[in-house]
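Printed here is coords-v3.pdb (PDB, C-alpha atoms):
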MODEL        1
ATOM      1  CA  MET A 930     -53.931   7.276  52.481
ATOM      2  CA  LYS A 931     -52.567  10.775  53.014
ATOM      3  CA  LYS A 932     -50.129  10.366  50.086
ATOM      4  CA  LEU A 933     -52.975   9.196  47.869
ATOM      5  CA  LEU A 934     -55.093  12.232  48.741
ATOM      6  CA  ILE A 935     -52.168  14.561  48.063
ATOM      7  CA  SER A 936     -51.576  12.887  44.678
ATOM      8  CA  LEU A 937     -55.253  13.164  43.751
ATOM      9  CA  PHE A 938     -55.334  16.818  44.794
ATOM     10  CA  ALA A 939     -52.252  17.517  42.652
ATOM     11  CA  LEU A 940     -53.871  15.760  39.675
ATOM     12  CA  PHE A 941     -57.131  17.713  39.967
ATOM     13  CA  SER A 942     -55.193  20.944  40.423
ATOM     14  CA  PHE A 943     -53.232  20.243  37.262
ATOM     15  CA  ILE A 944     -56.360  19.468  35.240
ATOM     16  CA  SER A 945     -58.094  22.587  36.592
ATOM     17  CA  SER A 946     -55.111  24.771  35.689
ATOM     18  CA  VAL A 947     -55.089  23.399  32.148
ATOM     19  CA  GLN A 948     -58.808  24.045  31.784
ATOM     20  CA  ALA A 949     -58.431  27.546  33.212
ATOM     21  CA  GLN A 950     -55.880  28.439  30.549
ATOM     22  CA  SER A 951     -58.217  27.532  27.697
ATOM     23  CA  ASN A 952     -61.514  29.006  26.547
ATOM     24  CA  ILE A 953     -64.085  26.686  24.996
ATOM     25  CA  ASN A 954     -66.219  29.489  23.532
ATOM     26  CA  ALA A 955     -63.178  31.141  21.990
ATOM     27  CA  GLY A 956     -62.144  27.736  20.661
ATOM     28  CA  LYS A 957     -65.467  27.297  18.898
ATOM     29  CA  GLU A 958     -64.983  30.621  17.112
ATOM     30  CA  LYS A 959     -61.505  29.555  16.017
ATOM     31  CA  THR A 960     -62.629  26.283  14.400
ATOM     32  CA  ASN A 961     -64.399  27.744  11.368
ATOM     33  CA  THR A 962     -61.731  26.567   8.938
ATOM     34  CA  CYS A 963     -61.357  23.243  10.776
ATOM     35  CA  SER A 964     -65.019  22.339  10.269
ATOM     36  CA  ALA A 965     -64.616  21.739   6.523
ATOM     37  CA  CYS A 966     -62.757  18.485   7.273
ATOM     38  CA  HIS A 967     -63.542  17.754  10.918
ATOM     39  CA  GLY A 968     -67.172  18.880  11.134
ATOM     40  CA  ALA A 969     -68.588  21.790  13.110
ATOM     41  CA  ASP A 970     -68.671  19.754  16.338
ATOM     42  CA  GLY A 971     -65.583  17.653  15.628
ATOM     43  CA  ASN A 972     -67.486  14.719  14.135
ATOM     44  CA  SER A 973     -65.804  14.468  10.763
ATOM     45  CA  PRO A 974     -68.258  13.455   8.014
ATOM     46  CA  SER A 975     -65.432  11.674   6.140
ATOM     47  CA  ASN A 976     -63.324   8.815   7.460
ATOM     48  CA  LEU A 977     -60.329  10.378   5.732
ATOM     49  CA  TYR A 978     -60.166  12.798   8.649
ATOM     50  CA  PRO A 979     -60.286  11.999  12.369
ATOM     51  CA  LYS A 980     -63.148  12.771  14.663
ATOM     52  CA  LEU A 981     -61.892  15.324  17.176
ATOM     53  CA  ALA A 982     -65.027  15.424  19.322
ATOM     54  CA  GLY A 983     -64.393  14.082  22.811
ATOM     55  CA  GLN A 984     -60.654  13.672  22.248
ATOM     56  CA  HIS A 985     -58.368  14.590  25.152
ATOM     57  CA  ALA A 986     -57.354  18.242  24.975
ATOM     58  CA  SER A 987     -53.786  17.285  25.933
ATOM     59  CA  TYR A 988     -53.532  14.945  22.935
ATOM     60  CA  LEU A 989     -55.058  17.476  20.539
ATOM     61  CA  GLU A 990     -52.614  20.138  21.727
ATOM     62  CA  LYS A 991     -49.694  17.752  21.234
ATOM     63  CA  GLN A 992     -50.726  16.909  17.665
ATOM     64  CA  LEU A 993     -51.349  20.534  16.660
ATOM     65  CA  LEU A 994     -48.003  21.635  18.074
ATOM     66  CA  GLU A 995     -46.230  18.801  16.278
ATOM     67  CA  TYR A 996     -47.869  19.723  12.972
ATOM     68  CA  LYS A 997     -46.679  23.262  13.611
ATOM     69  CA  THR A 998     -43.078  22.220  14.289
ATOM     70  CA  GLY A 999     -43.040  19.629  11.514
ATOM     71  CA  GLN A1000     -42.546  16.692  13.874
ATOM     72  CA  ARG A1001     -45.762  15.289  12.426
ATOM     73  CA  GLN A1002     -45.939  15.692   8.671
ATOM     74  CA  ASP A1003     -49.035  16.724   6.731
ATOM     75  CA  PRO A1004     -49.026  19.594   4.221
ATOM     76  CA  ILE A1005     -52.675  20.530   4.814
ATOM     77  CA  MET A1006     -52.399  20.553   8.597
ATOM     78  CA  LYS A1007     -49.073  22.360   8.545
ATOM     79  CA  SER A1008     -50.648  25.251   6.638
ATOM     80  CA  MET A1009     -53.704  25.219   8.924
ATOM     81  CA  VAL A1010     -51.695  25.539  12.132
ATOM     82  CA  ALA A1011     -49.002  27.887  10.815
ATOM     83  CA  MET A1012     -50.693  31.035  12.137
ATOM     84  CA  LEU A1013     -52.124  29.553  15.335
ATOM     85  CA  SER A1014     -50.757  30.816  18.643
ATOM     86  CA  ARG A1015     -50.321  28.561  21.666
ATOM     87  CA  GLN A1016     -53.498  30.102  23.104
ATOM     88  CA  ASP A1017     -55.389  29.370  19.871
ATOM     89  CA  ILE A1018     -54.281  25.748  20.061
ATOM     90  CA  GLN A1019     -55.366  25.435  23.692
ATOM     91  CA  ASP A1020     -58.754  26.975  22.963
ATOM     92  CA  ILE A1021     -59.404  24.791  19.910
ATOM     93  CA  ALA A1022     -58.362  21.669  21.805
ATOM     94  CA  ALA A1023     -60.637  22.594  24.718
ATOM     95  CA  TYR A1024     -63.612  23.109  22.399
ATOM     96  CA  TYR A1025     -63.261  19.776  20.615
ATOM     97  CA  ALA A1026     -62.625  17.958  23.894
ATOM     98  CA  SER A1027     -65.935  19.312  25.201
ATOM     99  CA  GLN A1028     -67.943  17.828  22.323
ATOM    100  CA  GLN A1029     -69.548  14.386  22.117
ATOM    101  CA  ALA A1030     -68.275  11.942  19.480
ATOM    102  CA  SER A1031     -70.832  10.079  17.389
ATOM    103  CA  GLU A1032     -70.861   6.340  18.126
ATOM    104  CA  GLU A1033     -69.361   3.568  16.007
ATOM    105  CA  SER A1034     -70.355  -0.093  16.093
ATOM    106  CA  THR A1035     -69.053  -3.470  14.970
ATOM    107  CA  THR A1036     -70.214  -7.071  14.685
ATOM    108  CA  GLU A1037     -70.033  -9.661  17.468
ATOM    109  CA  ASP A1038     -67.756 -11.779  15.292
ATOM    110  CA  ILE A1039     -65.161  -9.006  14.931
ATOM    111  CA  ALA A1040     -65.376  -8.209  18.638
ATOM    112  CA  LEU A1041     -64.675 -11.831  19.602
ATOM    113  CA  ARG A1042     -61.747 -12.113  17.184
ATOM    114  CA  ALA A1043     -60.094  -8.832  18.192
ATOM    115  CA  GLN A1044     -60.781  -8.701  21.923
ATOM    116  CA  LYS A1045     -58.011 -11.091  22.999
ATOM    117  CA  LEU A1046     -55.305  -9.160  21.144
ATOM    118  CA  TYR A1047     -56.585  -5.773  22.320
ATOM    119  CA  MET A1048     -56.986  -6.797  25.949
ATOM    120  CA  GLY A1049     -54.080  -9.220  26.341
ATOM    121  CA  GLY A1050     -51.595  -8.663  23.533
ATOM    122  CA  ASP A1051     -49.432 -11.553  22.319
ATOM    123  CA  ILE A1052     -46.543 -12.647  24.551
ATOM    124  CA  LYS A1053     -44.922 -14.787  21.840
ATOM    125  CA  ARG A1054     -44.525 -11.743  19.596
ATOM    126  CA  MET A1055     -43.721  -9.360  22.462
ATOM    127  CA  LEU A1056     -46.911  -7.453  21.672
ATOM    128  CA  PRO A1057     -48.288  -5.518  24.660
ATOM    129  CA  ALA A1058     -52.020  -5.211  25.171
ATOM    130  CA  CYS A1059     -53.501  -2.142  23.451
ATOM    131  CA  SER A1060     -55.608  -1.652  26.578
ATOM    132  CA  ALA A1061     -52.462  -0.968  28.634
ATOM    133  CA  CYS A1062     -52.254   2.529  27.130
ATOM    134  CA  HIS A1063     -55.672   3.084  25.583
ATOM    135  CA  GLY A1064     -57.730   1.536  28.372
ATOM    136  CA  PRO A1065     -60.279  -1.309  28.320
ATOM    137  CA  ARG A1066     -62.843   1.013  26.739
ATOM    138  CA  GLY A1067     -60.474   2.851  24.418
ATOM    139  CA  ASN A1068     -60.528   6.072  26.445
ATOM    140  CA  GLY A1069     -56.767   6.634  26.446
ATOM    141  CA  LEU A1070     -54.889   8.568  29.137
ATOM    142  CA  PHE A1071     -55.167  12.351  29.473
ATOM    143  CA  LEU A1072     -51.929  12.999  31.368
ATOM    144  CA  ALA A1073     -49.845  10.652  29.204
ATOM    145  CA  LYS A1074     -51.394  12.174  26.051
ATOM    146  CA  TYR A1075     -52.497   8.756  24.807
ATOM    147  CA  PRO A1076     -55.501   9.294  22.536
ATOM    148  CA  LYS A1077     -59.079   8.251  23.041
ATOM    149  CA  LEU A1078     -59.801   5.784  20.209
ATOM    150  CA  SER A1079     -63.371   4.733  20.963
ATOM    151  CA  ASN A1080     -65.899   6.184  18.483
ATOM    152  CA  GLN A1081     -63.113   7.113  16.056
ATOM    153  CA  HIS A1082     -63.600   6.229  12.372
ATOM    154  CA  PRO A1083     -62.321   2.626  12.022
ATOM    155  CA  ALA A1084     -60.809   3.451   8.624
ATOM    156  CA  TYR A1085     -58.872   6.355  10.134
ATOM    157  CA  ILE A1086     -57.471   4.158  12.930
ATOM    158  CA  GLU A1087     -56.458   1.577  10.331
ATOM    159  CA  THR A1088     -54.697   4.211   8.234
ATOM    160  CA  GLN A1089     -52.749   5.493  11.242
ATOM    161  CA  LEU A1090     -51.642   2.007  12.284
ATOM    162  CA  LYS A1091     -50.386   1.343   8.765
ATOM    163  CA  GLN A1092     -48.580   4.671   8.741
ATOM    164  CA  PHE A1093     -46.880   3.802  12.034
ATOM    165  CA  ARG A1094     -45.935   0.408  10.586
ATOM    166  CA  ALA A1095     -44.428   2.042   7.502
ATOM    167  CA  GLN A1096     -42.770   4.691   9.722
ATOM    168  CA  ALA A1097     -44.563   7.347   7.692
ATOM    169  CA  ARG A1098     -45.815   8.534  11.064
ATOM    170  CA  ASN A1099     -43.366   8.490  13.946
ATOM    171  CA  ASN A1100     -44.445  11.091  16.479
ATOM    172  CA  ASP A1101     -45.320   8.473  19.090
ATOM    173  CA  THR A1102     -43.578   8.445  22.470
ATOM    174  CA  ASN A1103     -40.356   6.401  22.350
ATOM    175  CA  GLY A1104     -41.450   4.772  19.077
ATOM    176  CA  VAL A1105     -43.934   2.535  20.902
ATOM    177  CA  MET A1106     -46.586   2.575  18.175
ATOM    178  CA  VAL A1107     -44.012   2.077  15.414
ATOM    179  CA  ASP A1108     -42.730  -1.062  17.209
ATOM    180  CA  ILE A1109     -46.219  -2.411  17.890
ATOM    181  CA  ALA A1110     -47.622  -1.753  14.418
ATOM    182  CA  ALA A1111     -44.589  -3.431  12.820
ATOM    183  CA  LYS A1112     -45.703  -6.725  14.380
ATOM    184  CA  LEU A1113     -49.324  -6.526  13.216
ATOM    185  CA  THR A1114     -50.673  -8.122  10.052
ATOM    186  CA  ASN A1115     -53.074  -6.278   7.743
ATOM    187  CA  ASN A1116     -55.915  -8.477   9.008
ATOM    188  CA  GLU A1117     -55.085  -7.754  12.656
ATOM    189  CA  ILE A1118     -54.940  -4.028  11.970
ATOM    190  CA  THR A1119     -58.373  -4.126  10.333
ATOM    191  CA  LEU A1120     -59.893  -6.180  13.164
ATOM    192  CA  LEU A1121     -58.376  -4.014  15.902
ATOM    193  CA  SER A1122     -59.475  -0.812  14.192
ATOM    194  CA  GLN A1123     -63.080  -1.958  13.954
ATOM    195  CA  TYR A1124     -63.068  -3.302  17.519
ATOM    196  CA  ILE A1125     -61.445  -0.256  19.123
ATOM    197  CA  ALA A1126     -63.779   2.191  17.390
ATOM    198  CA  ALA A1127     -66.820   0.381  18.789
ATOM    199  CA  LEU A1128     -65.659   0.423  22.419
ATOM    200  CA  HIS A1129     -67.811   2.553  24.745
TER     201      HIS A1129
ENDMDL
END

File written out as structure tokens:
Amino acid sequence: MKKLLISLFALFSFISSVQAQSNINAGKEKTNTCSACHGADGNSPSNLYPKLAGQHASYLEKQLLEYKTGQRQDPIMKSMVAMLSRQDIQDIAAYYASQQASEESTTEDIALRAQKLYMGGDIKRMLPACSACHGPRGNGLFLAKYPKLSNQHPAYIETQLKQFRAQARNNDTNGVMVDIAAKLTNNEITLLSQYIAALH
């Protein structure tokens, strides 16, 4: 019990220190150029661009830093982050993390067809359950920097899965998403994307 309490205290201390280093109000001021694609509150009006509202700050920081270093490739984002300092990135991430994502929904039919694969994976194909990293409600993991996928545009999730499958995107930890996406069919990717986005 004592070890558990110490671990929990360390976790809360870490989260508090991260939050203390960032400034939500400053972040809001620094997102003026971001809003054209991602919306003023992080709810992108176009499914070509991800919703950033409610996303884990740790994940947002990771992506922005990787655009900056070129580990994740995108000419638009690379130019957007080129002049951002580490503090700017922390502030922007904190602001978007503090916002509420608009909800997505799906049909009961899609939910029934996708739930088994999302929750349990497929042992025969060595496919792990998506929920192992992204959680039963698609909330991801803050400390591991696994993204929150619930309420994301389904079309954006689908695009990212296909990019992982084609290895056009490969900034995932230990190539996990590249390996998983390579085993998914187009139909499974579409079903999972619509199911995940509707999780709450």

The PyMOL selection byres ((chain A and resi 1017) around 10) - which residues does that actually catch in the file I just gave you? List them as a PDB file with C-alpha atoms, keeping the file's coordinate frame.
ATOM      1  CA  SER A 951     -58.217  27.532  27.697  1.00  0.00           C
ATOM      2  CA  ASN A 952     -61.514  29.006  26.547  1.00  0.00           C
ATOM      3  CA  ALA A 955     -63.178  31.141  21.990  1.00  0.00           C
ATOM      4  CA  GLY A 956     -62.144  27.736  20.661  1.00  0.00           C
ATOM      5  CA  LYS A 959     -61.505  29.555  16.017  1.00  0.00           C
ATOM      6  CA  THR A 960     -62.629  26.283  14.400  1.00  0.00           C
ATOM      7  CA  GLU A 990     -52.614  20.138  21.727  1.00  0.00           C
ATOM      8  CA  VAL A1010     -51.695  25.539  12.132  1.00  0.00           C
ATOM      9  CA  MET A1012     -50.693  31.035  12.137  1.00  0.00           C
ATOM     10  CA  LEU A1013     -52.124  29.553  15.335  1.00  0.00           C
ATOM     11  CA  SER A1014     -50.757  30.816  18.643  1.00  0.00           C
ATOM     12  CA  ARG A1015     -50.321  28.561  21.666  1.00  0.00           C
ATOM     13  CA  GLN A1016     -53.498  30.102  23.104  1.00  0.00           C
ATOM     14  CA  ILE A1018     -54.281  25.748  20.061  1.00  0.00           C
ATOM     15  CA  GLN A1019     -55.366  25.435  23.692  1.00  0.00           C
ATOM     16  CA  ASP A1020     -58.754  26.975  22.963  1.00  0.00           C
ATOM     17  CA  ILE A1021     -59.404  24.791  19.910  1.00  0.00           C
ATOM     18  CA  ALA A1022     -58.362  21.669  21.805  1.00  0.00           C
ATOM     19  CA  ALA A1023     -60.637  22.594  24.718  1.00  0.00           C
TER      20      ALA A1023
END

Report as CSV the residues of segment 1054-1079 of chain A within 8 Å of segment 1102-1117 of chain A, each with its shortest atom pair and distance in Å (one decimal), using all atoms listed in the file, ordered by chain and increasing residue number.
residue,atom,partner,partner_atom,distance
A:Arg1054,CA,A:Lys1112,CA,7.3
A:Leu1056,CA,A:Ile1109,CA,6.3
A:Pro1057,CA,A:Ile1109,CA,7.7

Can you tell me which residues surround Met1009 of chain A at a distance of at most 9 Å, considering only C-alpha atoms, apart from same-chain residues fewer than 6 positions away, and format the answer as a PyMOL selection string?
chain A and resi 962-963+996-997

Using C-alpha atoms, can you export the residues from the last selection as a PDB file, in the frame of the given file?
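File produced: part-v9.pdb:
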ATOM      1  CA  THR A 962     -61.731  26.567   8.938  1.00  0.00           C
ATOM      2  CA  CYS A 963     -61.357  23.243  10.776  1.00  0.00           C
ATOM      3  CA  TYR A 996     -47.869  19.723  12.972  1.00  0.00           C
ATOM      4  CA  LYS A 997     -46.679  23.262  13.611  1.00  0.00           C
TER       5      LYS A 997
END

Assuming the chain letters and numbering stay as they are in my file, what does the PyMOL selection byres ((chain A and resi 1088-1094) around 7) actually select? List them as a count of residues only.
14

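Counting all atoms listed in the file, segment 1061-1078 of chain A has the following residues at most 9 Å away, ignoring those fewer than 5 positions along the same chain: Leu940, Ile944, Gly983, Gln984, His985, Ala986, Ser987, Tyr988, Leu989, Lys991, Tyr1047, Met1048, Gly1049, Ile1086, Ser1122, Ile1125, Ala1126, Ala1127, Leu1128 and His1129 of chain A.
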
To verify the selection step, state as a ChimeraX atom specification which residues the PyMOL selection byres ((chain A and resi 1033) around 10) yields on this input.
/A:1030-1032,1034-1035,1079-1083,1123-1129

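The nearest approach to Ser1027 of chain A among the residues A:Lys957, A:Ala982, A:Cys966, A:Asp1051, with all atoms listed in the file taken into account, belongs to A:Ala982.
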
For Ile953 of chain A, which residue out of A:Asn976, A:Ser1008, A:Gln1028, A:Gln1000 is the nearest one, using all atoms listed in the file?
A:Gln1028

Kindly give the distance, in Å, that separates atom CA of Glu1037 of chain A and atom CA of His967 of chain A, rounded to a single decimal.
28.9 Å

What separates atom CA of Ile1039 of chain A and atom CA of Lys980 of chain A is a distance of 21.9 Å

I'd like the interatomic distance between atom CA of Ile1005 of chain A and atom CA of Asn961 of chain A, to a tenth of an Å.
15.2 Å

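Each of A:Gln950, A:Asn972, A:Gln1002, A:Ser964 was checked against Gln1029 of chain A using all atoms listed in the file; the smallest atom-to-atom distance is that of A:Asn972.
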
Mind giving me the axis-aligned box for segment 1072-1075 of chain A with 8 Å on every side, centre plus edges in Å to one decimal, as JSON?
{"center_x": -51.2, "center_y": 10.9, "center_z": 28.1, "size_x": 18.7, "size_y": 20.2, "size_z": 22.6}
